[in-house]
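S.K.: What follows is input.csv, CSV, C-alpha atoms.
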chain,number,residue,atom,x,y,z
N,1,MET,CA,-23.7,-51.3,37.6
N,2,LYS,CA,-23.0,-47.7,38.6
N,3,LYS,CA,-20.1,-47.4,41.1
N,4,SER,CA,-20.8,-43.7,42.0
N,5,ILE,CA,-23.7,-41.2,42.1
N,6,LEU,CA,-23.7,-38.0,40.2
N,7,ILE,CA,-25.4,-34.8,41.6
N,8,GLY,CA,-25.8,-31.8,39.4
N,9,VAL,CA,-26.0,-28.3,41.1
N,10,ALA,CA,-26.9,-25.5,38.7
N,11,GLY,CA,-28.0,-21.9,39.0
N,12,GLY,CA,-26.9,-18.4,37.9
N,13,THR,CA,-23.6,-16.8,38.7
N,14,GLY,CA,-23.3,-16.1,42.5
N,15,SER,CA,-26.5,-18.0,43.3
N,16,GLY,CA,-24.8,-20.2,46.0
N,17,LYS,CA,-24.1,-23.3,44.0
N,18,THR,CA,-20.7,-23.8,45.6
N,19,SER,CA,-21.9,-23.4,49.2
N,20,MET,CA,-24.8,-25.7,48.5
N,21,ALA,CA,-22.5,-28.4,47.1
N,22,LYS,CA,-20.1,-28.1,50.1
N,23,ASN,CA,-23.0,-28.2,52.6
N,24,ILE,CA,-24.5,-31.3,51.0
N,25,VAL,CA,-21.3,-33.3,51.2
N,26,CYS,CA,-19.7,-32.0,54.4
N,27,ASP,CA,-21.0,-34.8,56.6
N,28,PHE,CA,-19.6,-37.5,54.3
N,29,ASP,CA,-16.1,-39.2,54.3
N,30,PRO,CA,-13.9,-36.9,52.2
N,31,ARG,CA,-12.4,-40.0,50.6
N,32,GLN,CA,-15.9,-40.8,49.2
N,33,VAL,CA,-16.9,-37.4,47.9
N,34,VAL,CA,-15.6,-34.9,45.4
N,35,ILE,CA,-16.9,-31.6,44.1
N,36,ILE,CA,-16.0,-30.7,40.5
N,37,GLU,CA,-16.5,-27.3,39.0
N,38,GLN,CA,-17.9,-27.0,35.5
N,39,ASP,CA,-15.7,-24.0,35.0
N,40,SER,CA,-12.7,-26.3,34.9
N,41,TYR,CA,-13.9,-27.4,31.5
N,42,TYR,CA,-13.8,-24.0,29.8
N,43,PHE,CA,-12.0,-24.2,26.5
N,44,ASP,CA,-8.4,-23.2,26.5
N,45,LEU,CA,-8.1,-19.7,24.8
N,46,ARG,CA,-4.3,-19.5,24.5
N,47,ASN,CA,-4.6,-19.5,20.7
N,48,ILE,CA,-6.3,-16.0,20.6
N,49,PRO,CA,-4.8,-12.7,21.8
N,50,LEU,CA,-5.1,-11.8,25.5
N,51,ASP,CA,-7.3,-8.8,24.9
N,52,ALA,CA,-9.7,-10.9,22.8
N,53,ARG,CA,-9.9,-13.5,25.6
N,54,ARG,CA,-11.1,-10.8,28.0
N,55,HIS,CA,-14.1,-10.1,25.8
N,56,HIS,CA,-14.9,-13.8,25.2
N,57,ASN,CA,-18.4,-14.9,26.1
N,58,PHE,CA,-17.8,-17.2,29.0
N,59,ASP,CA,-21.5,-17.5,29.8
N,60,HIS,CA,-22.5,-19.2,26.5
N,61,PRO,CA,-22.8,-23.0,26.3
N,62,GLU,CA,-20.1,-23.1,23.6
N,63,ALA,CA,-17.6,-21.8,26.1
N,64,TYR,CA,-17.5,-25.2,27.7
N,65,ASP,CA,-15.9,-28.4,26.5
N,66,PHE,CA,-19.0,-30.6,27.1
N,67,ASP,CA,-17.5,-33.6,25.2
N,68,LEU,CA,-14.6,-33.8,27.7
N,69,LEU,CA,-16.8,-33.1,30.6
N,70,LYS,CA,-19.2,-35.9,29.7
N,71,GLN,CA,-16.3,-38.3,29.0
N,72,HIS,CA,-15.0,-37.6,32.5
N,73,MET,CA,-18.3,-37.9,34.2
N,74,ARG,CA,-18.9,-41.3,32.6
N,75,GLY,CA,-15.5,-42.4,33.6
N,76,LEU,CA,-16.0,-41.4,37.2
N,77,ILE,CA,-19.4,-43.1,37.4
N,78,ASP,CA,-17.8,-46.3,36.2
N,79,GLY,CA,-15.0,-46.1,38.8
N,80,GLU,CA,-12.2,-44.8,36.5
N,81,THR,CA,-9.5,-42.2,37.2
N,82,VAL,CA,-9.8,-38.9,35.3
N,83,GLU,CA,-7.6,-35.9,34.9
N,84,VAL,CA,-9.8,-32.8,35.7
N,85,PRO,CA,-8.3,-29.7,34.0
N,86,VAL,CA,-7.1,-26.7,36.1
N,87,TYR,CA,-8.3,-23.4,34.6
N,88,ASP,CA,-6.5,-20.1,35.0
N,89,TYR,CA,-9.0,-17.3,35.2
N,90,THR,CA,-6.4,-14.6,34.9
N,91,THR,CA,-5.0,-15.8,31.5
N,92,HIS,CA,-8.1,-17.8,30.4
N,93,THR,CA,-6.1,-20.9,29.7
N,94,ARG,CA,-5.8,-24.4,31.0
N,95,SER,CA,-2.8,-24.9,33.4
N,96,SER,CA,-0.3,-27.7,32.7
N,97,LYS,CA,-1.4,-29.1,36.1
N,98,VAL,CA,-4.4,-31.4,36.5
N,99,HIS,CA,-6.5,-32.8,39.4
N,100,TRP,CA,-6.5,-36.6,39.5
N,101,VAL,CA,-9.9,-37.8,40.6
N,102,SER,CA,-10.9,-41.4,41.3
N,103,GLY,CA,-12.6,-43.7,43.7
N,104,HIS,CA,-15.3,-41.4,44.9
N,105,LYS,CA,-18.8,-42.6,45.6
N,106,ILE,CA,-20.4,-39.1,45.5
N,107,ILE,CA,-19.6,-36.8,42.6
N,108,VAL,CA,-21.0,-33.3,42.8
N,109,LEU,CA,-20.8,-31.3,39.6
N,110,GLU,CA,-21.6,-27.6,40.0
N,111,GLY,CA,-21.8,-24.8,37.4
N,112,ILE,CA,-24.2,-22.5,35.6
N,113,MET,CA,-24.6,-24.9,32.6
N,114,VAL,CA,-24.6,-28.4,34.3
N,115,LEU,CA,-28.3,-28.9,33.4
N,116,TYR,CA,-28.0,-27.6,29.8
N,117,ASP,CA,-26.8,-30.8,28.0
N,118,SER,CA,-29.3,-33.6,27.9
N,119,GLU,CA,-26.7,-36.4,27.9
N,120,LEU,CA,-25.1,-34.9,31.0
N,121,ARG,CA,-28.5,-34.6,32.7
N,122,ASP,CA,-29.2,-38.3,32.0
N,123,MET,CA,-26.1,-39.3,34.0
N,124,MET,CA,-27.3,-37.5,37.1
N,125,ASP,CA,-29.1,-39.1,40.0
N,126,ILE,CA,-30.1,-35.8,41.5
N,127,LYS,CA,-30.5,-32.5,39.6
N,128,ILE,CA,-30.7,-29.2,41.7
N,129,TYR,CA,-31.3,-25.7,40.6
N,130,ILE,CA,-30.4,-22.8,43.0
N,131,GLN,CA,-32.7,-19.8,42.7
N,132,THR,CA,-31.4,-16.5,44.1
N,133,ALA,CA,-32.4,-12.9,43.5
N,134,SER,CA,-30.4,-11.2,40.6
N,135,ASP,CA,-29.1,-8.3,42.7
N,136,ILE,CA,-27.7,-10.7,45.3
N,137,ARG,CA,-26.0,-12.8,42.6
N,138,PHE,CA,-24.5,-9.7,41.0
N,139,ILE,CA,-23.0,-8.4,44.3
N,140,ARG,CA,-21.5,-11.8,45.0
N,141,ARG,CA,-20.0,-12.0,41.5
N,142,LEU,CA,-18.6,-8.5,41.8
N,143,THR,CA,-16.9,-9.3,45.1
N,144,ARG,CA,-15.6,-12.7,43.9
N,145,ASP,CA,-14.1,-11.4,40.6
N,146,ILE,CA,-12.4,-8.4,42.3
N,147,LYS,CA,-10.9,-10.4,45.2
N,148,HIS,CA,-10.0,-13.6,43.5
N,149,ARG,CA,-9.8,-13.1,39.8
N,150,GLY,CA,-7.9,-9.8,39.5
N,151,ARG,CA,-10.8,-7.9,37.9
N,152,SER,CA,-11.8,-4.2,38.1
N,153,VAL,CA,-15.3,-3.0,39.0
N,154,ASP,CA,-15.8,-1.5,35.5
N,155,SER,CA,-14.9,-4.7,33.7
N,156,VAL,CA,-17.1,-6.9,35.9
N,157,MET,CA,-20.1,-4.5,35.4
N,158,GLN,CA,-19.5,-4.3,31.6
N,159,GLN,CA,-19.3,-8.1,31.3
N,160,TYR,CA,-22.4,-8.6,33.5
N,161,LEU,CA,-24.5,-6.2,31.3
N,162,GLU,CA,-23.2,-7.4,28.0
N,163,THR,CA,-23.1,-11.2,28.4
N,164,VAL,CA,-23.8,-12.5,31.9
N,165,ARG,CA,-27.3,-11.2,32.3
N,166,PRO,CA,-28.5,-11.9,28.8
N,167,MET,CA,-26.9,-15.4,28.7
N,168,HIS,CA,-28.5,-16.2,32.1
N,169,GLU,CA,-31.9,-15.3,30.8
N,170,GLN,CA,-31.4,-17.2,27.5
N,171,PHE,CA,-29.5,-20.3,28.6
N,172,VAL,CA,-29.2,-20.7,32.4
N,173,GLU,CA,-32.6,-19.8,33.8
N,174,PRO,CA,-34.5,-22.1,31.4
N,175,THR,CA,-32.6,-25.2,32.7
N,176,LYS,CA,-34.5,-25.1,36.0
N,177,GLN,CA,-37.3,-26.9,34.2
N,178,TYR,CA,-35.0,-30.0,34.3
N,179,ALA,CA,-34.3,-29.8,38.0
N,180,ASP,CA,-35.7,-32.4,40.4
N,181,ILE,CA,-36.0,-29.6,42.9
N,182,ILE,CA,-35.5,-25.8,42.9
N,183,ILE,CA,-33.9,-24.4,46.1
N,184,PRO,CA,-33.9,-20.8,47.1
N,185,GLU,CA,-30.7,-19.3,48.6
N,186,GLY,CA,-28.5,-22.4,48.1
N,187,GLY,CA,-26.4,-23.6,51.0
N,188,HIS,CA,-28.1,-21.2,53.4
N,189,ASN,CA,-31.3,-23.3,53.0
N,190,THR,CA,-30.6,-25.8,55.9
N,191,VAL,CA,-33.9,-27.7,55.5
N,192,ALA,CA,-33.1,-28.5,51.9
N,193,VAL,CA,-29.5,-29.4,52.7
N,194,ASP,CA,-30.7,-31.9,55.3
N,195,LEU,CA,-33.2,-33.4,53.0
N,196,PHE,CA,-30.5,-34.0,50.3
N,197,LYS,CA,-28.1,-35.5,52.7
N,198,THR,CA,-30.8,-38.1,53.5
N,199,LYS,CA,-31.4,-38.7,49.8
N,200,VAL,CA,-27.6,-39.1,49.2
N,201,ARG,CA,-27.3,-41.7,52.0
N,202,SER,CA,-30.2,-43.6,50.5
N,203,LEU,CA,-28.5,-43.7,47.1
N,204,LEU,CA,-25.2,-44.7,48.6
N,205,ARG,CA,-26.9,-47.7,50.2
N,206,GLN,CA,-28.4,-48.7,46.8
N,207,ILE,CA,-25.0,-48.7,45.0
N,208,ALA,CA,-23.4,-50.6,47.9
N,209,LYS,CA,-25.7,-53.6,47.4
Could you write out this file's structure as structure tokens?

M.R.:
Amino acid sequence: MKKSILIGVAGGTGSGKTSMAKNIVCDFDPRQVVIIEQDSYYFDLRNIPLDARRHHNFDHPEAYDFDLLKQHMRGLIDGETVEVPVYDYTTHTRSSKVHWVSGHKIIVLEGIMVLYDSELRDMMDIKIYIQTASDIRFIRRLTRDIKHRGRSVDSVMQQYLETVRPMHEQFVEPTKQYADIIIPEGGHNTVAVDLFKTKVRSLLRQIAK
């Protein structure tokens, strides 16, 4: 029997996935809930030159270690403890540190590709896709990458045009067909957030039986 529920929150870069995930779980006991970012499961690129890392396609499904991600999600659902990687966006490598995660009843997995893999989707109790206008998503990404990831305006724009936008259209946007519900504007949609909190409470009651 499942010991935890897994919620997938997908959507394009800057769509509001993180705010949606945080708003869904904010009313629950923090000892019961954990948010895991799919970006933590980027492959470690320390074996290639730094300049080549900067031009790596991080928006392609092959950039993610889906095998490890699925292994960890299965473990968490079964009540096991897992070591979630810590990814360094400035060097594009995995840190020697890890996050120990265990004992949570609610697992929220958020990222652009969380609905891409069929095996991963099958583990989920709820699948959400966040739909946000492309210009708003780009502005949010630009602001985030400059402030928090040490990027320049030119590098963010180049990456967006060369990989982010085409990969979104090819791989991310099509996954909304697998969502249980498509939500506009992510965490700012208070009606949707309230509905999901009610659903999560219902699922928690079921696994507690």

S.K.: Got a sec: who's within 9 Å of Tyr178 (chain N), counting all atoms listed in the file, leaving out chain neighbours fewer than 5 positions off, as a PDB file with C-alpha atoms, in the frame of the given file?

M.R.:
ATOM      1  CA  LEU N 115     -28.300 -28.900  33.400  1.00  0.00           C
ATOM      2  CA  TYR N 116     -28.000 -27.600  29.800  1.00  0.00           C
ATOM      3  CA  ARG N 121     -28.500 -34.600  32.700  1.00  0.00           C
ATOM      4  CA  LYS N 127     -30.500 -32.500  39.600  1.00  0.00           C
ATOM      5  CA  ILE N 128     -30.700 -29.200  41.700  1.00  0.00           C
ATOM      6  CA  TYR N 129     -31.300 -25.700  40.600  1.00  0.00           C
TER       7      TYR N 129
END

S.K.: Find, counting all atoms listed in the file, the residue in N:Phe28, N:Phe43, N:Phe196, N:Phe138 that gets nearest to Ile126 (chain N).

M.R.: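 The closest residue to Ile126 (chain N) is N:Phe196.
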
S.K.: Please determine, counting only C-alpha atoms, which residue among N:Leu195, N:Val156, N:Ile183, N:Ala208 has the shortest atom-to-atom distance to Thr132 (chain N).

M.R.: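 Checking each candidate against Thr132 (chain N), we get N:Ile183 as the closest.
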
S.K.: If you measure from CA of Asp59 (chain N) to CA of Ile5 (chain N), what distance in Å do you get, rounded to one decimal?

M.R.: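 Straight-line distance from CA of Asp59 (chain N) to CA of Ile5 (chain N) works out to 26.8 Å.
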
S.K.: May I ask for the distance between CA of Gly79 (chain N) and CA of Thr198 (chain N), given in Å to one decimal place?

M.R.: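 Computing the Euclidean distance for CA of Gly79 (chain N) and CA of Thr198 (chain N) yields 23.0 Å.
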
S.K.: Separation of CA of Lys2 (chain N) and CA of Glu80 (chain N), in Å?

M.R.: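 Spanning CA of Lys2 (chain N) to CA of Glu80 (chain N) is a straight-line distance of 11.4 Å.
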
S.K.: As number ranges by chain, please: the residues near Gly14 (chain N) (cut-off 9 Å, all atoms listed in the file, same-chain neighbours under 3 positions excluded).

M.R.: N: 11, 17-18, 132, 134, 136-142, 144

S.K.: Since we have the selection now, will you write its residues out, keeping C-alpha atoms, as a CSV table (one decimal), in the coordinates of the input?

M.R.:
chain,number,residue,atom,x,y,z
N,11,GLY,CA,-28.0,-21.9,39.0
N,17,LYS,CA,-24.1,-23.3,44.0
N,18,THR,CA,-20.7,-23.8,45.6
N,132,THR,CA,-31.4,-16.5,44.1
N,134,SER,CA,-30.4,-11.2,40.6
N,136,ILE,CA,-27.7,-10.7,45.3
N,137,ARG,CA,-26.0,-12.8,42.6
N,138,PHE,CA,-24.5,-9.7,41.0
N,139,ILE,CA,-23.0,-8.4,44.3
N,140,ARG,CA,-21.5,-11.8,45.0
N,141,ARG,CA,-20.0,-12.0,41.5
N,142,LEU,CA,-18.6,-8.5,41.8
N,144,ARG,CA,-15.6,-12.7,43.9
